[in-house]
$ cat my_file_3.txt   # compact mmCIF, C-alpha atoms
# COMPACT_ATOMS: atom_id res chain seq x y z
CA MET W 26 28.14 -19.52 21.67
CA SER W 27 27.71 -16.93 24.38
CA ILE W 28 29.94 -14.49 22.54
CA ASN W 29 27.91 -15.05 19.43
CA ASN W 30 24.71 -14.45 21.34
CA ARG W 31 26.00 -11.19 22.62
CA ARG W 32 27.00 -10.20 19.12
CA ARG W 33 23.43 -10.83 17.95
CA LEU W 34 22.15 -8.76 20.81
CA LEU W 35 24.52 -5.93 20.04
CA LEU W 36 23.61 -6.04 16.38
CA ARG W 37 19.94 -5.95 17.21
CA GLY W 38 20.52 -3.09 19.60
CA THR W 39 22.26 -0.96 17.03
CA LEU W 40 19.67 -1.79 14.40
CA GLY W 41 16.94 -0.71 16.77
CA VAL W 42 18.58 2.63 17.39
CA GLY W 43 19.10 3.06 13.67
CA ALA W 44 15.44 2.39 12.98
CA LEU W 45 14.37 4.94 15.58
CA ALA W 46 16.67 7.62 14.24
CA GLY W 47 15.58 6.77 10.73
CA ALA W 48 11.92 7.17 11.58
CA GLY W 49 12.36 10.85 12.20
CA LEU W 50 14.52 11.49 9.16
CA LEU W 51 12.86 9.33 6.59
CA ALA W 52 9.22 9.53 7.58
CA PRO W 53 7.17 10.82 4.68
CA ARG W 54 6.81 14.46 5.46
CA GLY W 55 3.08 14.48 4.95
CA VAL W 56 3.43 17.09 2.23
CA LEU W 57 0.68 15.53 0.16
CA ALA W 58 -1.64 14.42 2.96
CA ALA W 59 -1.61 13.01 6.44
CA TRP W 60 -2.76 9.43 6.96
CA PRO W 61 -6.58 9.62 7.01
CA LYS W 62 -7.39 7.46 10.01
CA ALA W 63 -11.14 8.08 9.91
CA ALA W 64 -11.35 6.92 6.31
CA PHE W 65 -9.37 3.78 7.04
CA THR W 66 -11.54 2.84 10.00
CA ALA W 67 -14.94 3.55 8.39
CA ASP W 68 -16.89 0.32 7.97
CA LYS W 69 -18.87 1.19 4.84
CA THR W 70 -17.49 1.96 1.40
CA GLU W 71 -19.63 5.09 1.04
CA ALA W 72 -18.60 6.41 4.44
CA ALA W 73 -14.92 5.76 3.75
CA MET W 74 -15.20 7.41 0.35
CA GLN W 75 -16.93 10.44 1.83
CA GLU W 76 -14.29 10.70 4.52
CA LEU W 77 -11.35 10.33 2.18
CA LEU W 78 -12.47 12.06 -0.97
CA GLY W 79 -15.40 14.14 0.17
CA GLY W 80 -17.99 12.71 -2.17
CA THR W 81 -19.32 9.68 -3.98
CA ALA W 82 -17.95 8.50 -7.28
CA SER W 83 -19.81 7.75 -10.47
CA ALA W 84 -18.91 4.87 -12.76
CA SER W 85 -16.70 5.83 -15.67
CA ASP W 86 -14.96 4.23 -18.63
CA ALA W 87 -11.88 6.27 -17.87
CA VAL W 88 -11.03 3.90 -15.03
CA THR W 89 -10.08 0.28 -15.51
CA ILE W 90 -9.58 -2.20 -12.73
CA LYS W 91 -7.74 -5.44 -13.17
CA ALA W 92 -8.32 -8.17 -10.61
CA PRO W 93 -9.00 -11.90 -10.82
CA ASP W 94 -12.61 -13.14 -11.20
CA ILE W 95 -11.95 -15.78 -8.61
CA ALA W 96 -9.26 -15.43 -5.99
CA GLU W 97 -8.30 -18.73 -4.47
CA ASN W 98 -6.43 -17.11 -1.66
CA GLY W 99 -8.07 -14.02 -0.22
CA ALA W 100 -4.87 -13.03 1.56
CA VAL W 101 -3.20 -12.05 -1.68
CA VAL W 102 -5.43 -10.57 -4.37
CA PRO W 103 -3.58 -8.61 -7.04
CA VAL W 104 -5.36 -5.40 -8.02
CA THR W 105 -4.24 -3.05 -10.76
CA VAL W 106 -5.95 0.25 -11.45
CA GLU W 107 -5.36 2.35 -14.53
CA THR W 108 -6.98 5.53 -15.68
CA SER W 109 -6.91 7.42 -18.94
CA ALA W 110 -7.53 10.69 -17.10
CA SER W 111 -4.33 12.68 -17.53
CA ASN W 112 -4.76 14.80 -14.42
CA ALA W 113 -5.40 12.05 -11.91
CA GLU W 114 -4.68 13.18 -8.35
CA SER W 115 -5.31 9.98 -6.49
CA ILE W 116 -6.29 6.36 -6.92
CA SER W 117 -8.11 4.60 -4.09
CA VAL W 118 -9.06 0.97 -3.69
CA PHE W 119 -12.08 -0.05 -1.63
CA ILE W 120 -13.16 -3.59 -0.82
CA SER W 121 -16.83 -3.35 0.07
CA ASN W 122 -17.16 -6.42 2.27
CA ASN W 123 -13.99 -5.97 4.29
CA PRO W 124 -14.28 -4.82 7.93
CA SER W 125 -12.77 -1.51 6.79
CA PRO W 126 -13.33 -1.15 3.04
CA LEU W 127 -10.55 1.33 2.30
CA ALA W 128 -7.46 -0.71 1.46
CA ALA W 129 -5.14 1.76 -0.17
CA ASN W 130 -5.02 5.31 -1.40
CA PHE W 131 -2.32 6.29 -3.85
CA VAL W 132 -1.72 10.02 -3.92
CA LEU W 133 -0.13 10.90 -7.22
CA GLY W 134 2.39 13.69 -7.33
CA PRO W 135 3.32 15.78 -10.36
CA GLY W 136 4.61 13.60 -13.18
CA ALA W 137 2.92 10.45 -11.95
CA VAL W 138 0.93 8.44 -14.46
CA GLY W 139 -2.57 7.17 -13.59
CA TYR W 140 -1.49 3.68 -12.68
CA ALA W 141 -1.22 1.81 -9.40
CA ALA W 142 -0.94 -1.84 -8.53
CA THR W 143 -0.78 -3.68 -5.26
CA ARG W 144 -2.01 -6.81 -3.55
CA VAL W 145 -4.80 -6.76 -0.99
CA LYS W 146 -6.48 -9.02 1.54
CA MET W 147 -10.13 -9.89 1.13
CA GLY W 148 -12.16 -11.46 3.91
CA LYS W 149 -14.83 -12.80 1.57
CA THR W 150 -16.31 -12.38 -1.89
CA SER W 151 -16.75 -8.70 -2.49
CA GLU W 152 -16.90 -5.89 -4.94
CA VAL W 153 -13.61 -4.11 -5.44
CA VAL W 154 -14.12 -0.44 -6.21
CA ALA W 155 -11.39 1.72 -7.68
CA VAL W 156 -11.92 5.46 -7.45
CA VAL W 157 -9.85 7.96 -9.36
CA LYS W 158 -9.88 11.60 -8.37
CA ALA W 159 -9.14 13.80 -11.35
CA GLY W 160 -9.78 17.48 -11.72
CA GLY W 161 -12.22 17.58 -8.82
CA THR W 162 -14.40 14.73 -10.07
CA LEU W 163 -14.56 11.19 -8.75
CA GLN W 164 -14.71 8.38 -11.26
CA SER W 165 -14.93 4.74 -10.39
CA ALA W 166 -14.81 1.21 -11.71
CA THR W 167 -16.15 -1.83 -9.91
CA LYS W 168 -15.31 -5.49 -10.19
CA GLU W 169 -16.58 -8.43 -8.21
CA VAL W 170 -13.95 -10.83 -6.98
CA LYS W 171 -15.03 -14.21 -5.64
CA VAL W 172 -12.94 -15.44 -2.77
CA THR W 173 -12.61 -19.14 -2.07
CA ILE W 174 -10.58 -18.87 1.14
CA GLY W 175 -10.76 -15.66 3.15
CA GLY W 176 -7.63 -13.71 3.89
CA CYS W 177 -8.34 -12.50 7.39
CA GLY W 178 -8.20 -15.77 9.32
CA GLY W 179 -5.14 -17.29 10.93
CA MET X 7 12.91 -5.76 6.78
CA SER X 8 13.91 -5.06 3.28
CA ILE X 9 12.73 -3.49 0.08
CA LYS X 10 13.30 -4.91 -3.36
CA MET X 11 12.78 -2.43 -6.11
CA ARG X 12 13.02 -2.50 -9.89
CA ALA X 13 12.51 0.40 -12.24
CA ARG X 14 12.16 0.27 -15.98
CA ILE X 15 11.91 3.04 -18.54
CA GLU X 16 9.71 2.66 -21.58
CA GLY X 17 9.41 5.72 -23.76
CA ASP X 18 8.88 8.59 -21.35
CA GLU X 19 7.23 6.47 -18.69
CA THR X 20 9.06 4.83 -15.85
CA THR X 21 7.51 1.83 -14.16
CA VAL X 22 8.63 1.13 -10.63
CA LYS X 23 7.84 -2.17 -8.98
CA ALA X 24 8.67 -2.85 -5.37
CA LEU X 25 8.32 -5.59 -2.83
CA ILE X 26 8.53 -4.65 0.83
CA SER X 27 8.86 -7.29 3.48
CA HIS X 28 6.51 -6.55 6.33
CA VAL X 29 4.10 -8.57 8.51
CA MET X 30 1.07 -6.33 7.75
CA GLU X 31 -0.88 -7.54 10.78
CA THR X 32 -4.50 -6.36 10.66
CA GLY X 33 -5.25 -6.30 14.36
CA LEU X 34 -8.27 -8.54 13.74
CA ARG X 35 -6.49 -11.86 13.87
CA LYS X 36 -6.31 -13.87 17.08
CA ASP X 37 -3.54 -16.12 18.29
CA LYS X 38 -4.26 -19.66 19.47
CA ASP X 39 -5.19 -18.48 22.96
CA GLY X 40 -7.82 -16.12 21.59
CA ASN X 41 -5.84 -12.95 22.24
CA LYS X 42 -5.94 -10.37 19.50
CA ILE X 43 -2.68 -9.87 17.68
CA PRO X 44 -2.08 -6.11 17.67
CA ALA X 45 -2.21 -4.31 14.37
CA HIS X 46 1.13 -3.69 12.74
CA HIS X 47 0.97 -2.44 9.19
CA ILE X 48 2.51 0.09 6.86
CA THR X 49 0.60 3.35 6.76
CA GLU X 50 2.55 5.34 4.23
CA VAL X 51 4.92 4.68 1.37
CA THR X 52 6.56 7.59 -0.36
CA ALA X 53 8.44 7.52 -3.64
CA THR X 54 10.79 10.38 -4.41
CA HIS X 55 12.54 11.16 -7.66
CA ALA X 56 14.85 14.16 -8.14
CA GLY X 57 13.70 15.70 -4.89
CA LYS X 58 10.02 15.51 -5.78
CA GLU X 59 7.43 13.14 -4.36
CA VAL X 60 6.03 11.30 -7.32
CA MET X 61 3.68 9.09 -5.35
CA THR X 62 2.53 8.60 -1.79
CA ALA X 63 0.55 5.50 -0.96
CA GLN X 64 -1.59 5.51 2.16
CA TRP X 65 -2.29 1.98 3.21
CA GLY X 66 -4.71 0.33 5.57
CA PRO X 67 -4.29 -3.10 7.09
CA ALA X 68 -6.02 -4.67 4.07
CA VAL X 69 -2.85 -4.57 2.01
CA SER X 70 -1.31 -8.03 1.84
CA LYS X 71 1.61 -9.28 3.88
CA ASN X 72 4.95 -8.46 2.21
CA PRO X 73 3.29 -5.83 0.05
CA TYR X 74 3.80 -5.46 -3.65
CA LEU X 75 3.50 -2.04 -5.19
CA ALA X 76 3.79 -0.70 -8.71
CA PHE X 77 3.39 2.78 -10.11
CA LYS X 78 4.42 4.80 -13.14
CA PHE X 79 5.68 8.31 -13.60
CA LYS X 80 7.20 10.50 -16.27
CA GLY X 81 10.38 12.50 -16.48
CA ALA X 82 13.10 10.07 -15.39
CA LYS X 83 16.26 9.23 -17.31
CA ALA X 84 18.29 6.07 -17.19
CA GLY X 85 20.57 6.15 -14.16
CA ASP X 86 18.26 8.33 -12.09
CA THR X 87 17.54 7.28 -8.54
CA VAL X 88 14.10 6.67 -7.14
CA THR X 89 13.86 6.57 -3.38
CA LEU X 90 11.13 4.62 -1.66
CA SER X 91 10.45 4.91 2.04
CA TRP X 92 7.73 3.64 4.32
CA VAL X 93 6.51 4.06 7.87
CA ASP X 94 4.20 1.77 9.78
CA ASN X 95 1.77 2.34 12.63
CA LYS X 96 4.50 1.56 15.17
CA GLY X 97 6.78 4.23 13.78
CA GLU X 98 9.20 1.78 12.21
CA SER X 99 10.50 2.71 8.81
CA ASP X 100 12.81 1.72 6.01
CA SER X 101 13.89 3.11 2.68
CA ALA X 102 15.66 2.09 -0.49
$ encode --input "my_file_3.txt" --output "structure tokens"
Amino acid sequence: MSINNRRRLLLRGTLGVGALAGAGLLAPRGVLAAWPKAAFTADKTEAAMQELLGGTASASDAVTIKAPDIAENGAVVPVTVETSASNAESISVFISNNPSPLAANFVLGPGAVGYAATRVKMGKTSEVVAVVKAGGTLQSATKEVKVTIGGCGG
Amino acid sequence: MSIKMRARIEGDETTVKALISHVMETGLRKDKDGNKIPAHHITEVTATHAGKEVMTAQWGPAVSKNPYLAFKFKGAKAGDTVTLSWVDNKGESDSA
């Protein structure tokens, strides 16, 4: 038992060191962009959008957003964004009524197709705004998702 | 901590789907004594193919626990390797 415990401890110790060493080597090098803290902490969609993308987006057919009409569990809301714009540079997802609306920003490198999917938390019923940056313009699509149980509680 | 990743090629497009196991704590939740649970979430996920970054996702705490992620890119052949790595706000990281 005690030997086993020590083994666990040793294992955990080595893993910890590995993780630390790995952080330096494997950390995304920030070639595309550094993590935009101000945009992620802004409490209004417009402010976050301004901070992240430097402008406001206009609605466009070139962007489609796929999300459920009603999300039973706000902790896990699948969101898929697609765009027909061939030169998309980034796809961002904002949830207007969240404490910090910006949920995710996908920076697309060369060769990437205008498609991104993830799952987000929603505190309450809110509009989900997808913004695609393509060729210097900002195009968006909006969809309202009703949340039955919020995803920010315990 | 682990990453599960699947890639599939259709025509010239490759779809990569990944599941990362991570707590994704927002920093807004409180434990039963009313103390705030500190934020602990992934801030950046980078996908690399053939030495090029095809996608970097910058995430806030609003991405769900054990995040799911999917993206598409062009120019991969069967047998190619896509590398995915992430870092969180505590400096922890993992890759696959």
$ closest_residue --input "my_file_3.txt" --among "W:Val118, W:Ala82, W:Ala64, W:Leu127" --to "Ala159 in chain W" --atoms "all atoms listed in the file"
W:Ala82
$ closest_residue --input "my_file_3.txt" --among "X:Gly17, X:Gly97, X:Gly85, X:Gly66" --to "Thr49 in chain X" --atoms "only C-alpha atoms"
X:Gly66
$ closest_atom_pairs --input "my_file_3.txt" --of "chain X" --to "chain W" --cutoff "7 Å" --atoms "all atoms listed in the file" --output "JSON lines"
{"residue": "X:Arg35", "atom": "CA", "partner": "W:Gly178", "partner_atom": "CA", "distance": 6.2}
{"residue": "X:Thr49", "atom": "CA", "partner": "W:Trp60", "partner_atom": "CA", "distance": 6.9}
{"residue": "X:Thr52", "atom": "CA", "partner": "W:Pro53", "partner_atom": "CA", "distance": 6.0}
{"residue": "X:Glu59", "atom": "CA", "partner": "W:Gly134", "partner_atom": "CA", "distance": 5.9}
{"residue": "X:Val60", "atom": "CA", "partner": "W:Gly134", "partner_atom": "CA", "distance": 4.4}
{"residue": "X:Met61", "atom": "CA", "partner": "W:Leu133", "partner_atom": "CA", "distance": 4.6}
{"residue": "X:Thr62", "atom": "CA", "partner": "W:Val132", "partner_atom": "CA", "distance": 5.0}
{"residue": "X:Ala63", "atom": "CA", "partner": "W:Phe131", "partner_atom": "CA", "distance": 4.1}
{"residue": "X:Gln64", "atom": "CA", "partner": "W:Asn130", "partner_atom": "CA", "distance": 4.9}
{"residue": "X:Trp65", "atom": "CA", "partner": "W:Ala129", "partner_atom": "CA", "distance": 4.4}
{"residue": "X:Gly66", "atom": "CA", "partner": "W:Ala128", "partner_atom": "CA", "distance": 5.1}
{"residue": "X:Pro67", "atom": "CA", "partner": "W:Ala128", "partner_atom": "CA", "distance": 6.9}
{"residue": "X:Ala68", "atom": "CA", "partner": "W:Ala128", "partner_atom": "CA", "distance": 5.0}
{"residue": "X:Val69", "atom": "CA", "partner": "W:Val145", "partner_atom": "CA", "distance": 4.2}
{"residue": "X:Ser70", "atom": "CA", "partner": "W:Val145", "partner_atom": "CA", "distance": 4.7}
{"residue": "X:Pro73", "atom": "CA", "partner": "W:Arg144", "partner_atom": "CA", "distance": 6.5}
{"residue": "X:Tyr74", "atom": "CA", "partner": "W:Thr143", "partner_atom": "CA", "distance": 5.2}
{"residue": "X:Leu75", "atom": "CA", "partner": "W:Thr143", "partner_atom": "CA", "distance": 4.6}
{"residue": "X:Ala76", "atom": "CA", "partner": "W:Ala142", "partner_atom": "CA", "distance": 4.9}
{"residue": "X:Phe77", "atom": "CA", "partner": "W:Ala141", "partner_atom": "CA", "distance": 4.8}
{"residue": "X:Lys78", "atom": "CA", "partner": "W:Val138", "partner_atom": "CA", "distance": 5.2}
{"residue": "X:Phe79", "atom": "CA", "partner": "W:Ala137", "partner_atom": "CA", "distance": 3.9}
{"residue": "X:Lys80", "atom": "CA", "partner": "W:Gly136", "partner_atom": "CA", "distance": 5.1}
{"residue": "X:Gly81", "atom": "CA", "partner": "W:Gly136", "partner_atom": "CA", "distance": 6.7}
{"residue": "X:Ser91", "atom": "CA", "partner": "W:Leu51", "partner_atom": "CA", "distance": 6.8}
{"residue": "X:Trp92", "atom": "CA", "partner": "W:Ala52", "partner_atom": "CA", "distance": 6.9}
{"residue": "X:Val93", "atom": "CA", "partner": "W:Ala52", "partner_atom": "CA", "distance": 6.1}
{"residue": "X:Gly97", "atom": "CA", "partner": "W:Ala48", "partner_atom": "CA", "distance": 6.3}
{"residue": "X:Glu98", "atom": "CA", "partner": "W:Ala48", "partner_atom": "CA", "distance": 6.1}
{"residue": "X:Ser99", "atom": "CA", "partner": "W:Ala48", "partner_atom": "CA", "distance": 5.4}
$ atom_distance --input "my_file_3.txt" --atom1 "CA of Ser111 in chain W" --atom2 "CA of Lys158 in chain W"
10.8 Å
$ atom_distance --input "my_file_3.txt" --atom1 "CA of Ile95 in chain W" --atom2 "CA of Ser151 in chain W"
10.5 Å
$ atom_distance --input "my_file_3.txt" --atom1 "CA of Gly57 in chain X" --atom2 "CA of Val156 in chain W"
27.7 Å
$ residues_around --input "my_file_3.txt" --residues "Lys171 in chain W" --least-positions-apart "2" --cutoff "9 Å" --atoms "only C-alpha atoms" --output "ChimeraX atom specification"
/W:93-97,99,149-152,169,173
$ write_last_selection --input "my_file_3.txt" --atoms "C-alpha atoms" --output "PDB file, in the coordinates of the input"
ATOM      1  CA  PRO W  93      -9.000 -11.900 -10.820  1.00  0.00           C
ATOM      2  CA  ASP W  94     -12.610 -13.140 -11.200  1.00  0.00           C
ATOM      3  CA  ILE W  95     -11.950 -15.780  -8.610  1.00  0.00           C
ATOM      4  CA  ALA W  96      -9.260 -15.430  -5.990  1.00  0.00           C
ATOM      5  CA  GLU W  97      -8.300 -18.730  -4.470  1.00  0.00           C
ATOM      6  CA  GLY W  99      -8.070 -14.020  -0.220  1.00  0.00           C
ATOM      7  CA  LYS W 149     -14.830 -12.800   1.570  1.00  0.00           C
ATOM      8  CA  THR W 150     -16.310 -12.380  -1.890  1.00  0.00           C
ATOM      9  CA  SER W 151     -16.750  -8.700  -2.490  1.00  0.00           C
ATOM     10  CA  GLU W 152     -16.900  -5.890  -4.940  1.00  0.00           C
ATOM     11  CA  GLU W 169     -16.580  -8.430  -8.210  1.00  0.00           C
ATOM     12  CA  THR W 173     -12.610 -19.140  -2.070  1.00  0.00           C
TER      13      THR W 173
END
$ closest_residue --input "my_file_3.txt" --among "X:Thr89, X:Asn95, X:Thr20, X:Asn72" --to "Ile48 in chain X" --atoms "all atoms listed in the file"
X:Asn95
$ closest_residue --input "my_file_3.txt" --among "X:Met30, X:Asn41, X:Lys96, X:Ala84" --to "Ala13 in chain X" --atoms "only C-alpha atoms"
X:Ala84
$ closest_residue --input "my_file_3.txt" --among "X:Asp86, X:Glu50, X:Glu19, X:Asp94" --to "Glu31 in chain X" --atoms "all atoms listed in the file"
X:Asp94
$ residues_around --input "my_file_3.txt" --residues "Ala84 in chain W" --least-positions-apart "3" --cutoff "7 Å" --atoms "all atoms listed in the file" --output "mmCIF file with C-alpha atoms, keeping the file's coordinate frame"
data_model
loop_
_atom_site.group_PDB
_atom_site.id
_atom_site.type_symbol
_atom_site.label_atom_id
_atom_site.label_comp_id
_atom_site.auth_asym_id
_atom_site.auth_seq_id
_atom_site.Cartn_x
_atom_site.Cartn_y
_atom_site.Cartn_z
ATOM 1 C CA GLN W 164 -14.710 8.380 -11.260
ATOM 2 C CA SER W 165 -14.930 4.740 -10.390
ATOM 3 C CA ALA W 166 -14.810 1.210 -11.710
#
$ axis_aligned_box --input "my_file_3.txt" --around "range 154-171 of chain W" --padding-each-side "3 Å" --output "AutoDock Vina command-line options"
--center_x -12.9 --center_y 1.7 --center_z -8.7 --size_x 13.4 --size_y 37.8 --size_z 12.1
$ residues_near_point --input "my_file_3.txt" --point "(-17.3, 9.9, -6.2)" --cutoff "7 Å" --atoms "all atoms listed in the file" --output "short mmCIF file (atom, residue, chain, number, x, y, z; two decimals) with C-alpha atoms, in the coordinates of the input"
data_model
loop_
_atom_site.label_atom_id
_atom_site.label_comp_id
_atom_site.auth_asym_id
_atom_site.auth_seq_id
_atom_site.Cartn_x
_atom_site.Cartn_y
_atom_site.Cartn_z
CA GLY W 80 -17.99 12.71 -2.17
CA THR W 81 -19.32 9.68 -3.98
CA ALA W 82 -17.95 8.50 -7.28
CA SER W 83 -19.81 7.75 -10.47
CA THR W 162 -14.40 14.73 -10.07
CA LEU W 163 -14.56 11.19 -8.75
CA GLN W 164 -14.71 8.38 -11.26
#
